[in-house]
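Coordinates from work-v5.txt are shown below (compact mmCIF, C-alpha atoms).
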# COMPACT_ATOMS: atom_id res chain seq x y z
CA MET A 1 -225.38 156.12 263.00
CA ASP A 2 -224.51 152.98 261.04
CA THR A 3 -227.71 151.32 262.15
CA SER A 4 -229.81 154.22 260.90
CA ARG A 5 -228.02 154.14 257.51
CA ASP A 6 -228.69 150.38 257.34
CA ASP A 7 -232.36 151.02 258.10
CA VAL A 8 -232.62 153.49 255.25
CA GLY A 9 -230.91 150.99 252.95
CA ILE A 10 -233.28 148.21 253.96
CA ALA A 11 -236.33 150.46 253.54
CA PHE A 12 -235.05 151.59 250.16
CA ARG A 13 -234.44 148.03 248.95
CA SER A 14 -237.76 146.86 250.29
CA ALA A 15 -239.64 149.68 248.49
CA PHE A 16 -237.85 149.65 245.15
CA LEU A 17 -236.38 146.24 244.53
CA ALA A 18 -238.61 143.79 246.38
CA ARG A 19 -241.80 142.60 244.76
CA GLY A 20 -244.72 142.86 247.14
CA THR A 21 -247.58 140.42 247.42
CA LYS A 22 -249.58 140.26 244.17
CA GLN A 23 -246.95 142.44 242.44
CA LYS A 24 -245.54 140.92 239.26
CA PHE A 25 -242.86 143.55 238.69
CA SER A 26 -240.57 145.49 241.00
CA LEU A 27 -240.62 149.29 240.79
CA PHE A 28 -236.99 149.36 239.75
CA VAL A 29 -237.62 147.21 236.65
CA LEU A 30 -240.57 149.36 235.57
CA VAL A 31 -238.66 152.62 236.09
CA ILE A 32 -235.88 151.28 233.85
CA LEU A 33 -238.51 150.22 231.30
CA SER A 34 -240.06 153.72 231.33
CA ILE A 35 -236.67 155.35 230.76
CA LEU A 36 -236.09 152.90 227.92
CA PHE A 37 -239.45 153.89 226.39
CA ILE A 38 -238.55 157.60 226.53
CA PHE A 39 -235.23 156.85 224.89
CA ILE A 40 -236.80 154.66 222.19
CA GLU A 41 -239.36 157.42 221.45
CA SER A 42 -236.56 159.56 220.05
CA LEU A 43 -235.41 156.80 217.67
CA GLU A 44 -236.85 156.82 214.15
CA THR A 45 -236.74 153.41 212.50
CA ARG A 46 -239.38 151.78 210.36
CA PRO A 47 -240.17 148.77 212.64
CA LEU A 48 -240.33 151.04 215.70
CA ASN A 49 -242.60 153.49 213.89
CA TYR A 50 -244.92 150.63 212.90
CA LEU A 51 -245.01 149.37 216.48
CA ARG A 52 -245.70 152.88 217.84
CA SER A 53 -248.45 153.45 215.26
CA PHE A 54 -250.03 150.10 216.14
CA ILE A 55 -249.99 150.80 219.91
CA LYS A 56 -251.32 154.34 219.45
CA ASP A 57 -254.10 153.26 217.08
CA ILE A 58 -255.31 150.66 219.58
CA ILE A 59 -255.21 153.09 222.52
CA TYR A 60 -256.98 155.84 220.54
CA ARG A 61 -259.82 153.45 219.63
CA GLY A 62 -260.07 152.23 223.23
CA SER A 63 -260.05 155.76 224.56
CA SER A 64 -262.67 156.83 222.01
CA MET A 65 -264.97 154.01 223.20
CA VAL A 66 -264.43 154.72 226.90
CA SER A 67 -265.08 158.45 226.34
CA MET A 68 -268.45 157.81 224.66
CA PRO A 69 -270.67 158.10 227.77
CA THR A 70 -269.00 161.32 228.99
CA LYS A 71 -269.07 162.71 225.45
CA SER A 72 -272.79 161.96 225.13
CA PHE A 73 -273.47 163.62 228.47
CA GLY A 74 -271.49 166.68 227.34
CA SER A 75 -273.48 166.87 224.10
CA LEU A 76 -276.73 166.64 226.05
CA THR A 77 -275.81 169.55 228.35
CA ASP A 78 -274.62 171.59 225.34
CA SER A 79 -277.90 170.95 223.56
CA LEU A 80 -279.88 171.99 226.65
CA ASN A 81 -277.85 175.19 226.97
CA GLU A 82 -278.45 175.95 223.30
CA HIS A 83 -282.20 175.56 223.77
CA ILE A 84 -282.16 177.83 226.79
CA SER A 85 -280.27 180.57 224.94
CA LEU A 86 -282.34 180.23 221.75
CA TYR A 87 -284.08 183.60 221.99
CA ASN A 88 -280.87 185.54 222.70
CA ASN A 89 -279.13 183.82 219.78
CA TYR A 90 -282.03 184.66 217.49
CA THR A 91 -281.86 188.37 218.39
CA GLU A 92 -278.08 188.43 217.89
CA LEU A 93 -278.28 186.63 214.54
CA LYS A 94 -280.97 189.01 213.31
CA LYS A 95 -278.74 191.97 214.11
CA GLU A 96 -275.74 190.29 212.52
CA ASN A 97 -277.76 189.50 209.40
CA THR A 98 -278.68 193.15 208.91
CA GLU A 99 -275.01 194.17 209.25
CA LEU A 100 -273.89 191.48 206.82
CA ARG A 101 -276.48 192.56 204.23
CA ASN A 102 -275.08 196.04 204.41
CA ASN A 103 -271.56 194.70 203.89
CA ILE A 104 -272.38 192.53 200.87
CA SER A 105 -272.34 195.42 198.43
CA LYS A 106 -268.96 196.53 199.81
CA SER A 107 -267.40 193.06 199.46
CA ASP A 108 -268.77 192.67 195.90
CA PHE A 109 -266.98 195.83 194.93
CA LEU A 110 -263.72 194.67 196.59
CA GLU A 111 -263.94 191.32 194.81
CA LEU A 112 -264.33 193.03 191.47
CA GLU A 113 -261.46 195.37 192.20
CA ASN A 114 -259.27 192.43 193.27
CA ALA A 115 -260.02 190.52 190.04
CA GLN A 116 -259.16 193.57 187.98
CA LEU A 117 -255.88 194.13 189.81
CA ARG A 118 -254.89 190.46 189.46
CA LYS A 119 -255.56 190.69 185.75
CA LEU A 120 -253.41 193.81 185.63
CA ILE A 121 -250.38 192.09 187.16
CA GLU A 122 -251.13 188.88 185.21
CA GLU A 123 -250.85 186.79 188.36
CA GLN A 124 -251.30 183.08 187.84
CA VAL A 125 -253.53 182.01 190.67
CA GLU A 126 -253.16 178.30 191.02
CA THR A 127 -255.13 176.37 193.60
CA GLN A 128 -252.99 173.70 195.14
CA SER A 129 -255.54 172.47 197.62
CA ASN A 130 -256.36 168.81 197.62
CA LEU A 131 -258.53 168.45 200.66
CA VAL A 132 -259.52 165.35 202.54
CA SER A 133 -262.04 165.42 205.38
CA ALA A 134 -261.67 163.77 208.77
CA ARG A 135 -263.62 163.47 211.99
CA VAL A 136 -262.20 164.41 215.38
CA MET A 137 -261.95 161.10 217.19
CA LEU A 138 -260.42 162.17 220.48
CA ASP A 139 -260.25 165.66 221.90
CA LYS A 140 -258.44 165.53 225.21
CA GLN A 141 -256.86 168.90 225.78
CA SER A 142 -253.79 168.25 227.85
CA PRO A 143 -252.68 170.95 230.30
CA TYR A 144 -249.46 171.23 228.36
CA LEU A 145 -250.39 170.24 224.83
CA ASN A 146 -253.32 171.48 222.77
CA SER A 147 -254.01 168.83 220.21
CA PHE A 148 -256.63 166.32 219.08
CA VAL A 149 -256.73 163.03 217.25
CA ILE A 150 -258.45 162.56 213.86
CA ASN A 151 -259.68 159.30 212.38
CA ILE A 152 -257.43 159.10 209.31
CA GLY A 153 -253.70 158.52 208.98
CA SER A 154 -251.24 157.10 206.49
CA ASN A 155 -254.14 155.04 205.02
CA LYS A 156 -255.37 158.32 203.44
CA ASN A 157 -251.91 159.64 202.50
CA ILE A 158 -251.64 161.90 205.54
CA LYS A 159 -248.10 162.95 206.33
CA ASN A 160 -246.49 164.94 209.10
CA GLY A 161 -246.71 168.73 208.75
CA MET A 162 -249.84 168.95 206.57
CA GLU A 163 -252.11 171.94 207.17
CA VAL A 164 -255.41 171.30 208.94
CA LEU A 165 -258.41 173.53 208.28
CA ASP A 166 -261.72 174.10 210.00
CA GLY A 167 -263.85 175.10 207.04
CA LYS A 168 -261.53 177.63 205.38
CA ASN A 169 -259.65 178.60 208.53
CA PHE A 170 -256.22 177.33 209.46
CA ILE A 171 -256.20 175.61 212.87
CA GLY A 172 -253.02 173.53 212.99
CA ARG A 173 -250.88 170.88 211.39
CA THR A 174 -250.57 167.12 211.52
CA VAL A 175 -247.96 165.58 213.77
CA ASP A 176 -247.57 161.95 214.76
CA VAL A 177 -249.28 160.12 211.88
CA ASN A 178 -250.34 156.50 212.51
CA PHE A 179 -252.06 153.98 210.20
CA PHE A 180 -255.65 154.93 211.02
CA SER A 181 -255.25 158.07 213.12
CA SER A 182 -253.17 161.24 213.33
CA ARG A 183 -252.61 163.92 215.91
CA VAL A 184 -253.29 167.56 215.02
CA LEU A 185 -251.14 170.11 216.81
CA LEU A 186 -253.30 173.20 217.21
CA VAL A 187 -252.05 176.76 216.66
CA SER A 188 -252.68 177.49 220.33
CA ASP A 189 -250.21 174.83 221.47
CA LEU A 190 -247.03 175.89 223.26
CA ASN A 191 -244.96 174.07 220.63
CA SER A 192 -246.68 175.69 217.64
CA ARG A 193 -244.90 178.36 215.54
CA ILE A 194 -246.60 179.39 212.28
CA PRO A 195 -245.22 181.91 209.74
CA VAL A 196 -247.98 184.45 209.12
CA ILE A 197 -248.69 187.72 207.37
CA THR A 198 -250.94 190.53 208.60
CA GLU A 199 -253.50 192.37 206.53
CA PRO A 200 -253.70 195.23 205.54
CA SER A 201 -250.26 196.13 206.99
CA ALA A 202 -248.49 193.14 205.25
CA TYR A 203 -246.01 192.45 208.05
CA HIS A 204 -244.43 189.03 208.28
CA ALA A 205 -244.46 187.49 211.76
CA ILE A 206 -244.58 184.23 213.66
CA LEU A 207 -247.78 183.10 215.37
CA ASN A 208 -246.69 181.79 218.73
CA GLY A 209 -248.95 179.31 220.60
CA ARG A 210 -249.34 179.92 224.34
CA GLY A 211 -251.33 176.96 225.63
CA ILE A 212 -254.59 177.97 227.28
CA ARG A 213 -253.97 181.67 226.56
CA LYS A 214 -254.49 183.41 223.20
CA PRO A 215 -251.65 182.99 220.65
CA THR A 216 -249.47 186.05 220.03
CA LEU A 217 -247.51 187.53 217.13
CA VAL A 218 -243.75 187.67 217.56
CA TYR A 219 -240.80 188.87 215.43
CA LEU A 220 -242.70 191.88 214.11
CA PRO A 221 -240.75 194.96 212.96
CA GLU A 222 -240.11 197.42 215.81
CA LYS A 223 -242.13 200.29 214.34
CA HIS A 224 -245.16 198.41 213.12
CA THR A 225 -248.60 199.89 212.64
CA ILE A 226 -250.71 196.89 213.52
CA GLN A 227 -254.15 197.72 214.87
CA ASN A 228 -257.04 195.92 216.50
CA GLY A 229 -259.07 194.02 213.94
CA ASP A 230 -256.23 193.46 211.44
CA LYS A 231 -256.46 190.01 209.88
CA VAL A 232 -253.81 187.26 210.13
CA TYR A 233 -253.17 184.77 207.30
CA THR A 234 -250.58 182.06 206.68
CA SER A 235 -247.68 183.63 204.82
CA GLY A 236 -246.52 180.50 203.04
CA LYS A 237 -242.95 181.52 203.82
CA ALA A 238 -240.45 178.65 203.48
CA GLY A 239 -243.11 176.76 201.52
CA ILE A 240 -244.46 174.93 204.55
CA PHE A 241 -248.11 176.00 204.25
CA THR A 242 -250.27 177.39 201.46
CA PRO A 243 -250.24 181.22 201.65
CA GLY A 244 -253.39 183.21 202.42
CA ILE A 245 -255.30 180.84 204.68
CA PRO A 246 -257.22 182.91 207.26
CA ILE A 247 -256.25 182.31 210.89
CA GLY A 248 -257.71 185.08 213.02
CA GLU A 249 -257.80 188.75 213.84
CA ILE A 250 -255.63 190.93 216.03
CA LYS A 251 -256.52 192.18 219.47
CA ILE A 252 -253.93 194.28 221.28
CA GLU A 253 -253.99 193.75 225.05
CA LYS A 254 -251.42 195.24 227.44
CA GLU A 255 -249.03 195.90 224.53
CA MET A 256 -249.22 192.23 223.53
CA ILE A 257 -250.40 191.48 220.03
CA LYS A 258 -252.81 188.64 220.54
CA VAL A 259 -254.69 186.76 217.84
CA ILE A 260 -258.33 185.80 218.26
CA LEU A 261 -258.78 182.70 216.12
CA PHE A 262 -261.61 182.56 213.60
CA SER A 263 -262.37 179.00 214.67
CA ASP A 264 -263.38 177.94 218.16
CA LEU A 265 -260.91 175.13 218.81
CA ASN A 266 -263.17 173.54 221.43
CA GLN A 267 -266.08 173.12 219.02
CA ILE A 268 -264.48 171.28 216.14
CA THR A 269 -266.00 168.00 214.94
CA PHE A 270 -264.80 167.76 211.33
CA VAL A 271 -261.63 169.09 209.74
CA ASN A 272 -260.09 169.29 206.27
CA ILE A 273 -256.50 168.32 205.63
CA ASN A 274 -254.68 169.75 202.66
CA LEU A 275 -252.74 166.96 200.95
CA GLY A 276 -251.01 169.50 198.72
CA LYS A 277 -249.85 168.53 195.26
CA ASP A 278 -248.75 165.03 196.28
CA LYS A 279 -251.84 163.16 195.25
CA MET B 280 -276.55 134.03 249.17
CA ALA B 281 -275.45 136.64 251.69
CA TYR B 282 -271.96 135.23 251.53
CA THR B 283 -271.89 135.56 247.73
CA TYR B 284 -273.14 139.15 247.94
CA LYS B 285 -270.38 139.95 250.42
CA GLN B 286 -267.82 138.33 248.14
CA ILE B 287 -269.01 140.31 245.11
CA LYS B 288 -268.98 143.53 247.14
CA PHE B 289 -265.46 142.79 248.38
CA ARG B 290 -264.25 141.96 244.88
CA PHE B 291 -265.85 145.14 243.46
CA PHE B 292 -264.28 147.46 246.03
CA GLU B 293 -260.98 145.63 245.69
CA LEU B 294 -260.99 146.21 241.92
CA LEU B 295 -262.38 149.76 242.11
CA PRO B 296 -258.98 151.53 242.35
CA LEU B 297 -257.75 149.60 239.31
CA ILE B 298 -260.92 150.36 237.33
CA LEU B 299 -260.62 154.04 238.28
CA LEU B 300 -256.95 154.11 237.33
CA LEU B 301 -257.53 152.67 233.87
CA PHE B 302 -260.71 154.70 233.33
CA ILE B 303 -259.12 158.06 234.07
CA SER B 304 -256.15 157.34 231.84
CA LEU B 305 -258.26 156.05 228.94
CA ASN B 306 -260.83 158.82 229.33
CA GLY B 307 -258.10 161.46 229.55
CA ASN B 308 -259.20 162.73 232.96
CA SER B 309 -255.83 162.52 234.68
CA THR B 310 -256.00 166.24 235.23
CA ILE B 311 -259.42 167.60 236.03
CA ASP B 312 -259.97 171.18 234.98
CA LEU B 313 -262.06 173.17 237.46
CA LYS B 314 -261.94 176.45 235.45
CA LEU B 315 -259.77 178.36 237.94
CA PHE B 316 -257.42 175.53 238.76
CA THR B 317 -256.56 171.96 237.83
CA VAL B 318 -255.98 168.89 239.98
CA ASN B 319 -254.01 165.80 239.03
CA ILE B 320 -256.20 163.00 240.38
CA HIS B 321 -253.96 160.40 238.76
CA TYR B 322 -251.14 161.25 241.18
CA ILE B 323 -253.44 161.25 244.21
CA LEU B 324 -255.01 157.92 243.25
CA VAL B 325 -251.67 156.19 242.77
CA TYR B 326 -250.15 157.70 245.91
CA TYR B 327 -253.08 156.81 248.17
CA TRP B 328 -253.53 153.21 247.06
CA VAL B 329 -249.84 152.32 246.95
CA LEU B 330 -249.52 153.78 250.43
CA ARG B 331 -252.61 152.22 251.97
CA GLN B 332 -253.37 149.04 250.02
CA PRO B 333 -250.71 148.22 247.41
CA GLU B 334 -252.36 144.86 246.64
CA SER B 335 -255.18 146.72 244.88
CA LEU B 336 -252.92 148.57 242.46
CA GLY B 337 -250.17 146.59 240.76
CA TYR B 338 -247.08 148.50 239.64
CA GLY B 339 -247.52 146.97 236.18
CA PHE B 340 -250.97 148.53 235.92
CA ILE B 341 -249.62 151.91 237.05
CA PHE B 342 -247.01 151.68 234.29
CA LEU B 343 -249.66 150.70 231.73
CA SER B 344 -251.93 153.54 232.85
CA GLY B 345 -249.04 155.99 232.41
CA ILE B 346 -248.37 154.72 228.89
CA ILE B 347 -252.08 155.10 228.02
CA SER B 348 -252.07 158.67 229.37
CA ASP B 349 -248.98 159.47 227.30
CA VAL B 350 -250.69 158.29 224.13
CA VAL B 351 -254.01 160.03 224.90
CA TYR B 352 -252.31 163.35 225.71
CA GLY B 353 -249.78 163.07 222.89
CA ILE B 354 -246.60 163.31 224.92
CA PRO B 355 -243.59 161.00 224.45
CA LEU B 356 -244.22 157.42 225.56
CA GLY B 357 -242.91 156.75 229.06
CA VAL B 358 -243.06 160.29 230.51
CA ASN B 359 -246.29 159.91 232.49
CA ALA B 360 -245.45 156.28 233.28
CA LEU B 361 -242.16 157.37 234.84
CA SER B 362 -243.79 160.17 236.87
CA LEU B 363 -246.47 157.81 238.18
CA LEU B 364 -243.84 155.22 239.11
CA VAL B 365 -241.92 157.91 241.00
CA ILE B 366 -245.11 158.71 242.93
CA ALA B 367 -245.59 154.99 243.59
CA ALA B 368 -241.94 154.62 244.67
CA THR B 369 -242.22 157.49 247.15
CA ALA B 370 -245.46 156.03 248.52
CA ALA B 371 -243.84 152.58 248.84
CA TYR B 372 -240.88 154.07 250.71
CA VAL B 373 -243.16 156.08 253.03
CA ARG B 374 -245.21 152.92 253.70
CA VAL B 375 -242.09 151.01 254.73
CA VAL B 376 -240.79 153.70 257.10
CA THR B 377 -244.12 154.85 258.62
CA VAL B 378 -245.78 153.16 261.57
CA ARG B 379 -248.91 155.26 262.13
CA ILE B 380 -251.25 156.15 259.30
CA THR B 381 -252.84 159.58 259.62
CA LEU B 382 -254.06 162.12 257.11
CA ILE B 383 -251.40 164.65 258.17
CA ASN B 384 -248.56 162.11 257.74
CA ASP B 385 -249.84 161.10 254.31
CA TRP B 386 -250.41 164.68 253.28
CA ILE B 387 -246.96 165.92 254.27
CA SER B 388 -245.19 162.97 252.67
CA PHE B 389 -247.15 163.72 249.48
CA ILE B 390 -245.05 166.91 249.05
CA PRO B 391 -241.76 165.15 248.18
CA ALA B 392 -243.71 162.70 245.99
CA LEU B 393 -245.16 165.60 243.99
CA LEU B 394 -241.83 167.39 243.79
CA PHE B 395 -239.98 164.29 242.53
CA ALA B 396 -242.73 163.40 240.05
CA ASN B 397 -242.98 166.90 238.59
CA PHE B 398 -239.21 167.19 238.41
CA ILE B 399 -239.04 163.93 236.44
CA TYR B 400 -241.97 165.06 234.26
CA PHE B 401 -240.31 168.37 233.50
CA LEU B 402 -236.93 166.73 232.85
CA SER B 403 -238.35 164.10 230.48
CA LEU B 404 -240.30 166.70 228.47
CA TYR B 405 -237.31 169.04 228.43
CA PHE B 406 -235.07 166.38 226.91
CA SER B 407 -237.82 165.45 224.43
CA ASN B 408 -237.89 169.11 223.24
CA TYR B 409 -241.42 169.78 224.44
CA SER B 410 -242.33 173.22 225.76
CA VAL B 411 -243.92 173.23 229.19
CA ASP B 412 -245.92 175.97 230.87
CA TYR B 413 -244.00 176.07 234.15
CA PHE B 414 -246.49 178.30 235.92
CA TYR B 415 -249.31 175.93 234.99
CA LEU B 416 -247.30 172.96 236.28
CA PHE B 417 -246.60 174.81 239.53
CA LYS B 418 -250.25 175.82 240.00
CA ASN B 419 -251.38 172.28 239.23
CA SER B 420 -248.98 170.89 241.87
CA ILE B 421 -250.20 173.34 244.52
CA PHE B 422 -253.86 172.50 243.93
CA THR B 423 -253.16 168.76 243.68
CA PHE B 424 -251.56 169.02 247.11
CA ALA B 425 -254.44 171.11 248.47
CA PHE B 426 -257.02 168.69 247.06
CA TYR B 427 -255.40 165.60 248.61
CA PRO B 428 -257.46 165.51 251.85
CA ILE B 429 -260.76 165.51 249.92
CA LEU B 430 -259.79 162.51 247.81
CA TRP B 431 -258.14 160.92 250.86
CA GLY B 432 -261.57 161.02 252.53
CA ILE B 433 -263.33 159.48 249.52
CA PHE B 434 -260.73 156.75 249.07
CA SER B 435 -260.76 155.96 252.82
CA LEU B 436 -264.51 155.50 252.55
CA ILE B 437 -264.02 153.05 249.67
CA LEU B 438 -261.34 151.24 251.64
CA ASN B 439 -263.60 150.93 254.69
CA LEU B 440 -266.45 149.65 252.53
CA ALA B 441 -264.14 147.04 251.04
CA ARG B 442 -262.98 145.92 254.49
CA SER B 443 -266.41 145.90 256.14
Target format C-alpha cells, applied to this file:
Amino acid sequence: MDTSRDDVGIAFRSAFLARGTKQKFSLFVLVILSILFIFIESLETRPLNYLRSFIKDIIYRGSSMVSMPTKSFGSLTDSLNEHISLYNNYTELKKENTELRNNISKSDFLELENAQLRKLIEEQVETQSNLVSARVMLDKQSPYLNSFVINIGSNKNIKNGMEVLDGKNFIGRTVDVNFFSSRVLLVSDLNSRIPVITEPSAYHAILNGRGIRKPTLVYLPEKHTIQNGDKVYTSGKAGIFTPGIPIGEIKIEKEMIKVILFSDLNQITFVNINLGKDK
Amino acid sequence: MAYTYKQIKFRFFELLPLILLLFISLNGNSTIDLKLFTVNIHYILVYYWVLRQPESLGYGFIFLSGIISDVVYGIPLGVNALSLLVIAATAAYVRVVTVRITLINDWISFIPALLFANFIYFLSLYFSNYSVDYFYLFKNSIFTFAFYPILWGIFSLILNLARS
C-alpha cells in the first residue's frame, strides 16, 4: 500500500515539478504564474494598465497579421457567393424598392407630424453625438464572448462604456480600451445588459445578450402588449447611452421576447463611436 | 544533399506542433465552429504532443499560447493559459504512469484532462465575473472528446513522418 502511494508521489513530482528535456520551466511554476496573472487582471493600477495595454496592442497587431490569409480567403468565398446569388438579390431588391417607394409618402407625413408635435411641447432637441469612426481590426467570436477589436483606443479619446454604432444602429459598447485598440462588447454577448425602450408601446426593459442566440427583453411589466415588429431603442435611462438609438425589432418565439438586431453583427467592417460631450 | 533534406524535413516536423500551437492561438482558431458543434483543437493539440513527444512542445510555449488566446478572445489574462497547463499536467502525469501507448488509453485518459481543464476554466471565469454558457461548454467538451481520435490519427501521421 505504501509502495503504491510512493509511486503516485514520484509520478506526481516527476510530472509537475521536474523539468523535462528541452523544458525551461516546470509545470508547477507556470501554473503559479497563470494564477498570478488572473489575480493581477483584477487589479487596477496605472502601471499595470499601461503594461496590459501594451501587451494587448502587440498581440492584436500580431493576430491581425496572422489572420490576413484566412480573412482574404473568406472574403473571396463571400464575393463568389454574392456573384452566384446576384439574380436573386436583384429580384428581391426590386420588390423591396417598390414597397419602400410606397412607404415614403407615409414617412414624410409622420416626420411632419413629429416636427409639429415637438414644436407644440417646445422640446429642445439637442444632438450630443460626437462620432469617431473606426475599422474592425480583429473579429474572433469566442464561444463565450461576442466581441471584436477596433483600431483606435485612448489615442482617439476612447473610454470604457462608450456607445458603438453600425451606421445609425446601436451594436455595443467599448470595454477594455488600450492605446491603439479597444474591444467592443456586442449586444449579443452574455455579459451585455442594455436599458431599452420599446416603440410604440413605450415599455422600459433590459436587452439581455444570450451569446449565439438572439438577445431577449427582460424586466418588462407583467401585462405588456408588445407585439411582433415593435421597435427597440436605447432608453438612455441612468444616462449611460444616448436615448433613441435604434437597436432592432421584436420577434416573439415560444413566449420569449426576442430582438432581431437591425445590424448583422457578423458583417461589420467599420463602426462609429459616440464620444459624447467630452470632446 | 539527401542528408540536408532529411534534416530540414526532421526540423520542420519537429517544429510543426509549435507552429500549429502559436498559429491557432494567434488566428483565434482554438475552437473550431462546425455549425452544429464546436471542437477545441487547442486542448487536443496540447494533450497529444505533451503525451507523445513533450520535447516538441515546451510548457513555456503552451503558457504563451494560452495568454495569446486570452487576449484574442478578450477573457481575463491567464484563464486559457491555466486551462492549457492543466491539460498539459494531466498528459504529463499519464505519460509517467502509462507503459503502453494506444489510442484507447489516450482517449480515456483525455476525459479527466478535459474535466479538470473545463472546471478550472469555469472557476476562473466565475471569479472574474464573466457569464458562461454552461450548455455550450458542456457540448464543446463532448465533441472535443469525440473528435480526439481523428486528430490523434493526423498527429500520429505527423509524428511518424518526423521519425521516418
What is the CA of Asn439 (chain B) to CA of Leu297 (chain B) distance in Å?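 Here the two named atoms are 16.5 Å from each other.
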Coordinates-based distance that separates CA of Ala205 (chain A) from CA of Phe241 (chain A) (Å, one decimal): 14.2 Å
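Each of B:Ile383, B:Leu295, B:Leu361, B:Ile341 was compared to Leu402 (chain B) using only C-alpha atoms, and B:Leu361 turns out to be the nearest.
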Counting all atoms listed in the file, which residues of chain B come no farther than 9 Å from chain A, as a ChimeraX atom specification? /B:302,304-308,310,312,317,333-339,342,346-347,350-361,364-365,367-376,403,407,409-412,415-416
Excluding region 417-422 of chain B and residues on its chain fewer than 3 positions from it, collect all residues at most 9 Å away from it, counting only C-alpha atoms, and give them as a VMD selection string. chain B and resid 310 316 to 319 393 to 394 397 412 to 414 425 to 427
Interatomic distance between CA of Lys223 (chain A) and CA of Pro195 (chain A)?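 Pair CA of Lys223 (chain A) / CA of Pro195 (chain A) returns 19.2 Å.
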Polymer residues at most 6 Å from Phe179 (chain A), only C-alpha atoms, same-chain spacing of 6 or more positions, as a ChimeraX atom specification: /A:153-155
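Residue nearest Ile152 (chain A), chosen from A:Ser79, A:Thr225, A:Ser235, A:Asn272 and counting all atoms listed in the file: A:Asn272.
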Residue contacts of region 160-168 of chain A (7 Å, all atoms listed in the file) excluding same-chain residues fewer than 2 positions away, as an MDAnalysis selection string: chainID A and resid 158 170:177 241 263 271:275
For Ile387 (chain B), find every residue with an atom within 10 Å (counting all atoms listed in the file), except residues of its own chain fewer than 5 positions away, and show them as a PDB file with C-alpha atoms, in the frame of the given file.
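Dumped to around.pdb:
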ATOM      1  CA  LEU B 382    -254.060 162.120 257.110  1.00  0.00           C
ATOM      2  CA  ALA B 392    -243.710 162.700 245.990  1.00  0.00           C
ATOM      3  CA  PHE B 424    -251.560 169.020 247.110  1.00  0.00           C
TER       4      PHE B 424
END
Around all the atoms of region 39-47 of chain A listed in the file, draw an axis-aligned box and extend it by 5 Å on each of the six sides; I want its centre and edge lengths in Å to one decimal, as JSON.
{"center_x": -237.7, "center_y": 154.2, "center_z": 217.6, "size_x": 14.9, "size_y": 20.8, "size_z": 24.5}
Nearest to Val325 (chain B): which of B:Tyr400, B:Phe340, B:Tyr405, B:Tyr284 is it, counting all atoms listed in the file?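 Closest residue, counting all atoms listed in the file: B:Phe340.
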